Amino acid sequence: MTIAPTVSGGLKLIPEEDQDWVVLLKIAHDGDGDLAQHFAGLMDEDSMWEDIVVPELESEFSTQRKKVLKDVMEARERKSDGLIIDRKDAEIWYGAFNQARLAMEEKYRFGPREFRDSDDFEDEEMRSAYFRNEFYGTVQSLLLEYVMVDD
Amino acid sequence: MNAVEAPVKKSETKSREKTDKPWQVVVLDDPVNLMEYVSRVLIQIFGFSKEKAHTLMIAVHQQGRAIVWNGDREKGEMYVNQLHSAQLNATLEKAE
């Protein structure tokens, strides 16, 4: 996978083999967790978070994942040479990557980046998730550096 | 007569402000959110300067939590809602 900034201020993801498309298709799946419920657990019961805020957050998070999945599927079906994340969509993509990383952290407990080593993961599923997690984090950093910048 | 009523109203307002004040928005650390993103969210939601947002972000990272706002409960809940929408761990606590 090659990633490059575009002249219009976006970011282009250029899959070089089929496996790269598979990784992009996994973003939405990896992020499908209970993030809104997790946040409700941080609030006291009097706040009514479960009833009022959780449904809104679930809808917002689901919209992010669906949008990213749709963009990837459409680009793949078109046999496009890549997928451009425009500035207007950067927050949505960033959010979808973040959901994926938060859900994977909840599931695999990778811990802080500075203390990790890919050799720590003997289980193949966990190892694969670790590398996706690293990739998602790298794209997030690039989005922050090149796309989500103030005018 | 108006002159007598006015000070009473002022006193009620002051008293209400006092009871509504002791709530604080707390941002909690997590191993996922990127430090630059946390600063960015604090600037967007609270309008902090880059320096203040950076200082608070470092406090979250090093101490596990940081109080980022104090005030009444209703507004605090609105801020926590926005922080959750940005996928940051945050809660609302009654100040001690």
# chains A, B, ... in the order shown; residues from 1 in each chain; ligands from 1
$ interface_residues --of "chain A" --to "chain B" --cutoff "7 Å" --atoms "only C-alpha atoms" --output "PyMOL selection string"
chain A and resi 39+42-43+57+101-102+111-112
$ residues_around --residues "segment 78-91 of chain A" --least-positions-apart "5" --cutoff "8 Å" --atoms "only C-alpha atoms" --output "list in words"
Ser8, Gly9, Gly10, Leu11, Lys12, Leu13, Ile14, Pro15, Asp71, Val72, Leu143, Val147 and Met148 of chain A
$ write_last_selection --atoms "all heavy atoms" --output "PDB file, in the first residue's frame"
ATOM      1  N   SER A   8      -5.056  18.518  -3.827  1.00  0.00           N
ATOM      2  CA  SER A   8      -6.240  19.215  -3.309  1.00  0.00           C
ATOM      3  C   SER A   8      -6.359  19.108  -1.782  1.00  0.00           C
ATOM      4  O   SER A   8      -7.385  19.458  -1.202  1.00  0.00           O
ATOM      5  CB  SER A   8      -7.501  18.641  -3.959  1.00  0.00           C
ATOM      6  OG  SER A   8      -7.585  17.254  -3.714  1.00  0.00           O
ATOM      7  N   GLY A   9      -5.301  18.619  -1.140  1.00  0.00           N
ATOM      8  CA  GLY A   9      -5.303  18.593   0.322  1.00  0.00           C
ATOM      9  C   GLY A   9      -5.871  17.328   0.924  1.00  0.00           C
ATOM     10  O   GLY A   9      -6.140  17.276   2.123  1.00  0.00           O
ATOM     11  N   GLY A  10      -6.060  16.310   0.101  1.00  0.00           N
ATOM     12  CA  GLY A  10      -6.551  15.035   0.619  1.00  0.00           C
ATOM     13  C   GLY A  10      -5.430  14.033   0.777  1.00  0.00           C
ATOM     14  O   GLY A  10      -4.244  14.398   0.775  1.00  0.00           O
ATOM     15  N   LEU A  11      -5.808  12.779   0.917  1.00  0.00           N
ATOM     16  CA  LEU A  11      -4.836  11.694   1.051  1.00  0.00           C
ATOM     17  C   LEU A  11      -5.277  10.556   0.138  1.00  0.00           C
ATOM     18  O   LEU A  11      -6.459  10.193   0.117  1.00  0.00           O
ATOM     19  CB  LEU A  11      -4.821  11.214   2.509  1.00  0.00           C
ATOM     20  CG  LEU A  11      -3.578  10.484   3.008  1.00  0.00           C
ATOM     21  CD1 LEU A  11      -2.371  11.429   3.038  1.00  0.00           C
ATOM     22  CD2 LEU A  11      -3.820   9.947   4.427  1.00  0.00           C
ATOM     23  N   LYS A  12      -4.313  10.014  -0.642  1.00  0.00           N
ATOM     24  CA  LYS A  12      -4.665   8.919  -1.548  1.00  0.00           C
ATOM     25  C   LYS A  12      -4.066   7.610  -1.041  1.00  0.00           C
ATOM     26  O   LYS A  12      -2.855   7.532  -0.783  1.00  0.00           O
ATOM     27  CB  LYS A  12      -4.163   9.217  -2.961  1.00  0.00           C
ATOM     28  CG  LYS A  12      -4.636   8.187  -3.982  1.00  0.00           C
ATOM     29  CD  LYS A  12      -4.318   8.625  -5.397  1.00  0.00           C
ATOM     30  CE  LYS A  12      -4.913   7.644  -6.408  1.00  0.00           C
ATOM     31  NZ  LYS A  12      -4.677   8.036  -7.788  1.00  0.00           N
ATOM     32  N   LEU A  13      -4.929   6.609  -0.884  1.00  0.00           N
ATOM     33  CA  LEU A  13      -4.482   5.272  -0.505  1.00  0.00           C
ATOM     34  C   LEU A  13      -4.420   4.454  -1.785  1.00  0.00           C
ATOM     35  O   LEU A  13      -5.417   4.350  -2.504  1.00  0.00           O
ATOM     36  CB  LEU A  13      -5.463   4.619   0.479  1.00  0.00           C
ATOM     37  CG  LEU A  13      -5.890   5.440   1.709  1.00  0.00           C
ATOM     38  CD1 LEU A  13      -6.878   4.645   2.561  1.00  0.00           C
ATOM     39  CD2 LEU A  13      -4.675   5.820   2.545  1.00  0.00           C
ATOM     40  N   ILE A  14      -3.264   3.902  -2.081  1.00  0.00           N
ATOM     41  CA  ILE A  14      -3.081   3.157  -3.337  1.00  0.00           C
ATOM     42  C   ILE A  14      -2.763   1.687  -3.026  1.00  0.00           C
ATOM     43  O   ILE A  14      -1.604   1.346  -2.762  1.00  0.00           O
ATOM     44  CB  ILE A  14      -1.949   3.779  -4.189  1.00  0.00           C
ATOM     45  CG1 ILE A  14      -2.189   5.290  -4.346  1.00  0.00           C
ATOM     46  CG2 ILE A  14      -1.857   3.091  -5.543  1.00  0.00           C
ATOM     47  CD1 ILE A  14      -0.991   6.052  -4.867  1.00  0.00           C
ATOM     48  N   PRO A  15      -3.793   0.831  -3.059  1.00  0.00           N
ATOM     49  CA  PRO A  15      -3.535  -0.591  -2.821  1.00  0.00           C
ATOM     50  C   PRO A  15      -2.719  -1.175  -3.962  1.00  0.00           C
ATOM     51  O   PRO A  15      -2.966  -0.876  -5.134  1.00  0.00           O
ATOM     52  CB  PRO A  15      -4.945  -1.204  -2.786  1.00  0.00           C
ATOM     53  CG  PRO A  15      -5.856  -0.053  -2.531  1.00  0.00           C
ATOM     54  CD  PRO A  15      -5.211   1.112  -3.209  1.00  0.00           C
ATOM     55  N   ASP A  71     -17.150   3.534   0.491  1.00  0.00           N
ATOM     56  CA  ASP A  71     -16.081   4.127  -0.334  1.00  0.00           C
ATOM     57  C   ASP A  71     -15.100   3.058  -0.807  1.00  0.00           C
ATOM     58  O   ASP A  71     -14.684   3.058  -1.976  1.00  0.00           O
ATOM     59  CB  ASP A  71     -15.315   5.197   0.460  1.00  0.00           C
ATOM     60  CG  ASP A  71     -16.098   6.491   0.595  1.00  0.00           C
ATOM     61  OD1 ASP A  71     -17.216   6.572   0.058  1.00  0.00           O
ATOM     62  OD2 ASP A  71     -15.588   7.423   1.257  1.00  0.00           O
ATOM     63  N   VAL A  72     -14.711   2.168   0.100  1.00  0.00           N
ATOM     64  CA  VAL A  72     -13.734   1.128  -0.259  1.00  0.00           C
ATOM     65  C   VAL A  72     -14.347   0.161  -1.269  1.00  0.00           C
ATOM     66  O   VAL A  72     -13.714  -0.180  -2.282  1.00  0.00           O
ATOM     67  CB  VAL A  72     -13.251   0.361   0.995  1.00  0.00           C
ATOM     68  CG1 VAL A  72     -12.316  -0.786   0.586  1.00  0.00           C
ATOM     69  CG2 VAL A  72     -12.544   1.291   1.969  1.00  0.00           C
ATOM     70  N   LEU A 143      -3.346  11.655   8.194  1.00  0.00           N
ATOM     71  CA  LEU A 143      -4.539  12.511   8.068  1.00  0.00           C
ATOM     72  C   LEU A 143      -4.379  13.777   8.906  1.00  0.00           C
ATOM     73  O   LEU A 143      -4.691  14.887   8.455  1.00  0.00           O
ATOM     74  CB  LEU A 143      -5.793  11.746   8.511  1.00  0.00           C
ATOM     75  CG  LEU A 143      -6.366  10.729   7.525  1.00  0.00           C
ATOM     76  CD1 LEU A 143      -7.468   9.900   8.183  1.00  0.00           C
ATOM     77  CD2 LEU A 143      -6.925  11.413   6.278  1.00  0.00           C
ATOM     78  N   VAL A 147      -4.040  16.441   6.130  1.00  0.00           N
ATOM     79  CA  VAL A 147      -5.419  16.714   5.709  1.00  0.00           C
ATOM     80  C   VAL A 147      -6.215  17.512   6.750  1.00  0.00           C
ATOM     81  O   VAL A 147      -6.863  18.500   6.419  1.00  0.00           O
ATOM     82  CB  VAL A 147      -6.160  15.378   5.393  1.00  0.00           C
ATOM     83  CG1 VAL A 147      -7.530  15.668   4.786  1.00  0.00           C
ATOM     84  CG2 VAL A 147      -5.326  14.514   4.446  1.00  0.00           C
ATOM     85  N   MET A 148      -6.170  17.086   7.998  1.00  0.00           N
ATOM     86  CA  MET A 148      -6.989  17.740   9.029  1.00  0.00           C
ATOM     87  C   MET A 148      -6.239  18.926   9.616  1.00  0.00           C
ATOM     88  O   MET A 148      -6.066  19.057  10.828  1.00  0.00           O
ATOM     89  CB  MET A 148      -7.356  16.720  10.112  1.00  0.00           C
ATOM     90  CG  MET A 148      -8.241  15.603   9.572  1.00  0.00           C
ATOM     91  SD  MET A 148      -8.259  14.109  10.589  1.00  0.00           S
ATOM     92  CE  MET A 148      -9.183  14.646  12.009  1.00  0.00           C
TER      93      MET A 148
END
$ atom_distance --atom1 "atom CA of Ser141 of chain A" --atom2 "atom CA of Trp69 of chain B"
27.0 Å
$ residues_around --residues "Ala96 of chain A" --least-positions-apart "6" --cutoff "8 Å" --atoms "only C-alpha atoms" --output "list in words"
Ile27, Ala28, Gly31, Phe61, Gln64, Arg65 and Val68 of chain A
$ closest_residue --among "A:Glu56, A:Glu125, A:Glu17, A:Glu74" --to "Leu35 of chain A" --atoms "only C-alpha atoms"
A:Glu56
$ residues_around --residues "Ser128 of chain A" --least-positions-apart "3" --cutoff "12 Å" --atoms "only C-alpha atoms" --output "PyMOL selection string"
chain A and resi 19+23+26+30+104+108+118-119+121-125+131-135
$ atom_distance --atom1 "atom CA of Phe46 of chain B" --atom2 "atom CA of Asp150 of chain A"
16.1 Å
$ atom_distance --atom1 "atom CA of Gln44 of chain B" --atom2 "atom CA of Val53 of chain A"
20.0 Å
